[in-house]
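The structure appears below as structure tokens.
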Amino acid sequence: VPNSNERKTFGISYANQAGDIIYKAAVSGKDENEAETLGLETFIIKRGTYISTIIHNYMQATSAIGEAFSQMLNDPRIDPQGACIEWYINDKEVQCMVRLE
């Protein structure tokens with residue numbers, strides 16, 4: 001993707017119909033036609049209220065991302081049709097988010 005260092009970077013994971021976890025790496029689009037022009041898949045992060053936590057220095061503790069999501073997924077308010085969203089704010093911080101119903 002052109003100019004990827006100028007875009008927001010995400011990790012998106014969710015369960016498919018069979019219960020398998022699907023993980024996608026993503027970047028924000030420049031405009032609504034860009035993905036189609038480049039032959040890429042789109043994914044829209046739903047608006048709403050999210051629970052979240054920011055992990056600092058995530059490269060030194062990559063297991064902290066999974067631990068954060070495990071804890072958030074135990075919250076009874078989460079959207080069962082939602083996804084786990086990782087927003088890589090910069091090279092040191094990632095915000096882990098799960099949408100509430």
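Order determines the names: the first chain of the structure tokens is A, the second B, and so forth; residues in each chain are numbered 1 upward, and ligands are numbered 1 upward as they are shown.
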Can you write out as CSV which residues of stretch 6-61 of chain A fall within 12 Å of stretch 67-74 of chain A, alongside each residue's closest atom pair and its distance in Å to one decimal, counting only C-alpha atoms and ordering rows by chain and ascending residue number?
residue,atom,partner,partner_atom,distance
A:Ile12,CA,A:Phe69,CA,11.7
A:Ser13,CA,A:Phe69,CA,10.3
A:Tyr14,CA,A:Leu73,CA,11.3
A:Tyr50,CA,A:Met72,CA,10.0
A:Ile51,CA,A:Met72,CA,7.3
A:Ser52,CA,A:Met72,CA,7.8
A:Thr53,CA,A:Ala68,CA,7.3
A:Ile54,CA,A:Ala68,CA,9.1
A:Ile55,CA,A:Ala68,CA,8.5
A:Tyr58,CA,A:Ala68,CA,11.4
A:Ala61,CA,A:Glu67,CA,10.3
Output C-alpha atoms for every residue in the selection just made, as a PDB file, in the first residue's frame.
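For reference, again_23.pdb as written:
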ATOM      1  CA  ILE A  12      -8.262  -6.896  13.461  1.00  0.00           C
ATOM      2  CA  SER A  13      -9.296 -10.293  14.795  1.00  0.00           C
ATOM      3  CA  TYR A  14     -12.663 -12.014  15.065  1.00  0.00           C
ATOM      4  CA  TYR A  50     -15.403   0.430  23.205  1.00  0.00           C
ATOM      5  CA  ILE A  51     -13.516  -0.772  26.225  1.00  0.00           C
ATOM      6  CA  SER A  52      -9.812  -0.337  25.710  1.00  0.00           C
ATOM      7  CA  THR A  53      -6.363  -0.303  27.169  1.00  0.00           C
ATOM      8  CA  ILE A  54      -3.075   1.087  25.896  1.00  0.00           C
ATOM      9  CA  ILE A  55      -0.024  -1.137  26.069  1.00  0.00           C
ATOM     10  CA  TYR A  58       4.454  -3.613  23.354  1.00  0.00           C
ATOM     11  CA  ALA A  61       5.925  -7.683  25.972  1.00  0.00           C
TER      12      ALA A  61
END
DSSP on the backbone: which residues in stretch 30-65 of chain A end up as strand (DSSP E or B)? Give the answer as a ChimeraX atom specification.
/A:50-56
Could you name the residues that touch A:Ala26 at 7 Å or less, counting only C-alpha atoms, but leaving out those on the same chain fewer than 4 positions away, as a PyMOL selection string?
chain A and resi 9-11
Resulting file, chosen residues, all heavy atoms, as a tab-separated table (two decimals), in the first residue's frame:
chain	number	residue	atom	x	y	z
A	9	THR	N	-2.40	2.21	11.43
A	9	THR	CA	-2.17	0.77	11.27
A	9	THR	C	-2.98	0.02	12.31
A	9	THR	O	-3.00	0.39	13.49
A	9	THR	CB	-0.67	0.46	11.44
A	9	THR	OG1	0.07	1.27	10.53
A	9	THR	CG2	-0.38	-1.00	11.16
A	10	PHE	N	-3.63	-1.06	11.87
A	10	PHE	CA	-4.51	-1.84	12.74
A	10	PHE	C	-4.25	-3.33	12.62
A	10	PHE	O	-3.80	-3.81	11.58
A	10	PHE	CB	-5.99	-1.61	12.36
A	10	PHE	CG	-6.44	-0.19	12.46
A	10	PHE	CD1	-6.40	0.64	11.35
A	10	PHE	CD2	-6.92	0.31	13.65
A	10	PHE	CE1	-6.83	1.96	11.43
A	10	PHE	CE2	-7.35	1.63	13.75
A	10	PHE	CZ	-7.30	2.45	12.63
A	11	GLY	N	-4.58	-4.04	13.66
A	11	GLY	CA	-4.74	-5.48	13.63
A	11	GLY	C	-6.19	-5.74	13.99
A	11	GLY	O	-6.72	-5.11	14.91
Taking only C-alpha atoms into account, which of A:Ile89, A:Val98, A:Ala35, A:Ile21 comes nearest A:Arg47?
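Comparing A:Ile89, A:Val98, A:Ala35, A:Ile21 against A:Arg47, the winner is A:Val98.
Shortest atom-to-atom contact with A:Lys8 among A:Asp75, A:Asp20, A:Glu32, A:Asp91: A:Asp91, counting only C-alpha atoms.
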So what do you get for atom CA of A:Asn16 versus atom CA of A:Phe43, distance-wise?
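Atom-to-atom, atom CA of A:Asn16 and atom CA of A:Phe43 are spaced 14.3 Å apart.
With distances restricted to only C-alpha atoms, A:Ala83 is the closest residue to A:Lys46 from A:Ala15, A:Ile22, A:Val27, A:Ala83.
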Return as a ChimeraX atom specification the full set of residues in chain A whose backbone-based DSSP assignment is helix (DSSP H, G or I).
/A:4-6,34-38,58-60,63-73
Would you output that residue set with N, CA, C and O atoms, as a PDB file, in the first residue's frame?
ATOM      1  N   SER A   4       2.354   3.790   3.325  1.00  0.00           N
ATOM      2  CA  SER A   4       1.803   3.106   4.496  1.00  0.00           C
ATOM      3  C   SER A   4       2.276   3.712   5.815  1.00  0.00           C
ATOM      4  O   SER A   4       1.576   3.626   6.817  1.00  0.00           O
ATOM      5  N   ASN A   5       3.437   4.358   5.822  1.00  0.00           N
ATOM      6  CA  ASN A   5       3.913   4.979   7.064  1.00  0.00           C
ATOM      7  C   ASN A   5       3.133   6.246   7.416  1.00  0.00           C
ATOM      8  O   ASN A   5       3.265   6.774   8.505  1.00  0.00           O
ATOM      9  N   GLU A   6       2.288   6.728   6.507  1.00  0.00           N
ATOM     10  CA  GLU A   6       1.473   7.919   6.759  1.00  0.00           C
ATOM     11  C   GLU A   6       0.042   7.556   7.150  1.00  0.00           C
ATOM     12  O   GLU A   6      -0.810   8.425   7.272  1.00  0.00           O
ATOM     13  N   GLU A  34     -10.025   3.713  -2.866  1.00  0.00           N
ATOM     14  CA  GLU A  34      -8.647   3.244  -2.946  1.00  0.00           C
ATOM     15  C   GLU A  34      -8.527   1.727  -2.884  1.00  0.00           C
ATOM     16  O   GLU A  34      -7.794   1.122  -3.674  1.00  0.00           O
ATOM     17  N   ALA A  35      -9.215   1.086  -1.956  1.00  0.00           N
ATOM     18  CA  ALA A  35      -9.104  -0.365  -1.807  1.00  0.00           C
ATOM     19  C   ALA A  35      -9.519  -1.079  -3.092  1.00  0.00           C
ATOM     20  O   ALA A  35      -8.837  -1.997  -3.548  1.00  0.00           O
ATOM     21  N   GLU A  36     -10.619  -0.654  -3.672  1.00  0.00           N
ATOM     22  CA  GLU A  36     -11.088  -1.270  -4.917  1.00  0.00           C
ATOM     23  C   GLU A  36     -10.067  -1.063  -6.039  1.00  0.00           C
ATOM     24  O   GLU A  36      -9.748  -1.993  -6.778  1.00  0.00           O
ATOM     25  N   THR A  37      -9.524   0.140  -6.125  1.00  0.00           N
ATOM     26  CA  THR A  37      -8.523   0.446  -7.151  1.00  0.00           C
ATOM     27  C   THR A  37      -7.297  -0.446  -7.010  1.00  0.00           C
ATOM     28  O   THR A  37      -6.743  -0.913  -7.998  1.00  0.00           O
ATOM     29  N   LEU A  38      -6.892  -0.706  -5.757  1.00  0.00           N
ATOM     30  CA  LEU A  38      -5.709  -1.539  -5.494  1.00  0.00           C
ATOM     31  C   LEU A  38      -6.034  -3.027  -5.429  1.00  0.00           C
ATOM     32  O   LEU A  38      -5.143  -3.849  -5.260  1.00  0.00           O
ATOM     33  N   TYR A  58       5.032  -2.304  23.664  1.00  0.00           N
ATOM     34  CA  TYR A  58       4.454  -3.613  23.354  1.00  0.00           C
ATOM     35  C   TYR A  58       5.457  -4.580  22.717  1.00  0.00           C
ATOM     36  O   TYR A  58       5.304  -5.788  22.850  1.00  0.00           O
ATOM     37  N   MET A  59       6.484  -4.084  22.066  1.00  0.00           N
ATOM     38  CA  MET A  59       7.470  -4.982  21.454  1.00  0.00           C
ATOM     39  C   MET A  59       8.284  -5.739  22.505  1.00  0.00           C
ATOM     40  O   MET A  59       8.789  -6.813  22.231  1.00  0.00           O
ATOM     41  N   GLN A  60       8.387  -5.198  23.717  1.00  0.00           N
ATOM     42  CA  GLN A  60       9.084  -5.889  24.794  1.00  0.00           C
ATOM     43  C   GLN A  60       8.178  -6.885  25.512  1.00  0.00           C
ATOM     44  O   GLN A  60       8.659  -7.709  26.283  1.00  0.00           O
ATOM     45  N   SER A  63       3.113 -10.577  24.508  1.00  0.00           N
ATOM     46  CA  SER A  63       2.036 -11.378  25.113  1.00  0.00           C
ATOM     47  C   SER A  63       1.015 -10.497  25.825  1.00  0.00           C
ATOM     48  O   SER A  63      -0.120 -10.923  26.070  1.00  0.00           O
ATOM     49  N   ALA A  64       1.381  -9.257  26.139  1.00  0.00           N
ATOM     50  CA  ALA A  64       0.460  -8.345  26.832  1.00  0.00           C
ATOM     51  C   ALA A  64      -0.764  -8.035  25.975  1.00  0.00           C
ATOM     52  O   ALA A  64      -1.851  -7.782  26.510  1.00  0.00           O
ATOM     53  N   ILE A  65      -0.616  -8.081  24.652  1.00  0.00           N
ATOM     54  CA  ILE A  65      -1.758  -7.819  23.769  1.00  0.00           C
ATOM     55  C   ILE A  65      -2.806  -8.915  23.945  1.00  0.00           C
ATOM     56  O   ILE A  65      -3.980  -8.633  24.170  1.00  0.00           O
ATOM     57  N   GLY A  66      -2.395 -10.162  23.858  1.00  0.00           N
ATOM     58  CA  GLY A  66      -3.317 -11.277  24.046  1.00  0.00           C
ATOM     59  C   GLY A  66      -3.940 -11.288  25.431  1.00  0.00           C
ATOM     60  O   GLY A  66      -5.131 -11.559  25.583  1.00  0.00           O
ATOM     61  N   GLU A  67      -3.144 -10.968  26.438  1.00  0.00           N
ATOM     62  CA  GLU A  67      -3.650 -10.914  27.804  1.00  0.00           C
ATOM     63  C   GLU A  67      -4.707  -9.820  27.954  1.00  0.00           C
ATOM     64  O   GLU A  67      -5.722 -10.013  28.619  1.00  0.00           O
ATOM     65  N   ALA A  68      -4.475  -8.681  27.327  1.00  0.00           N
ATOM     66  CA  ALA A  68      -5.436  -7.574  27.401  1.00  0.00           C
ATOM     67  C   ALA A  68      -6.763  -7.983  26.771  1.00  0.00           C
ATOM     68  O   ALA A  68      -7.835  -7.750  27.342  1.00  0.00           O
ATOM     69  N   PHE A  69      -6.697  -8.611  25.590  1.00  0.00           N
ATOM     70  CA  PHE A  69      -7.929  -9.035  24.937  1.00  0.00           C
ATOM     71  C   PHE A  69      -8.628 -10.141  25.718  1.00  0.00           C
ATOM     72  O   PHE A  69      -9.859 -10.138  25.824  1.00  0.00           O
ATOM     73  N   SER A  70      -7.896 -11.060  26.289  1.00  0.00           N
ATOM     74  CA  SER A  70      -8.515 -12.118  27.100  1.00  0.00           C
ATOM     75  C   SER A  70      -9.308 -11.520  28.247  1.00  0.00           C
ATOM     76  O   SER A  70     -10.423 -11.952  28.532  1.00  0.00           O
ATOM     77  N   GLN A  71      -8.741 -10.521  28.881  1.00  0.00           N
ATOM     78  CA  GLN A  71      -9.426  -9.865  29.986  1.00  0.00           C
ATOM     79  C   GLN A  71     -10.665  -9.110  29.503  1.00  0.00           C
ATOM     80  O   GLN A  71     -11.747  -9.223  30.081  1.00  0.00           O
ATOM     81  N   MET A  72     -10.545  -8.367  28.400  1.00  0.00           N
ATOM     82  CA  MET A  72     -11.681  -7.597  27.897  1.00  0.00           C
ATOM     83  C   MET A  72     -12.803  -8.499  27.386  1.00  0.00           C
ATOM     84  O   MET A  72     -13.982  -8.177  27.535  1.00  0.00           O
ATOM     85  N   LEU A  73     -12.453  -9.639  26.792  1.00  0.00           N
ATOM     86  CA  LEU A  73     -13.475 -10.538  26.252  1.00  0.00           C
ATOM     87  C   LEU A  73     -14.309 -11.206  27.338  1.00  0.00           C
ATOM     88  O   LEU A  73     -15.359 -11.775  27.049  1.00  0.00           O
TER      89      LEU A  73
END
Work out how far apart atom CA of A:Ala25 and atom CA of A:Pro80 are and give it in Å to one decimal.
20.9 Å
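Distances to A:Lys30 were evaluated for A:Asn3, A:Gly48, A:Gln17, A:Pro76 using only C-alpha atoms, and the minimum falls at A:Asn3.
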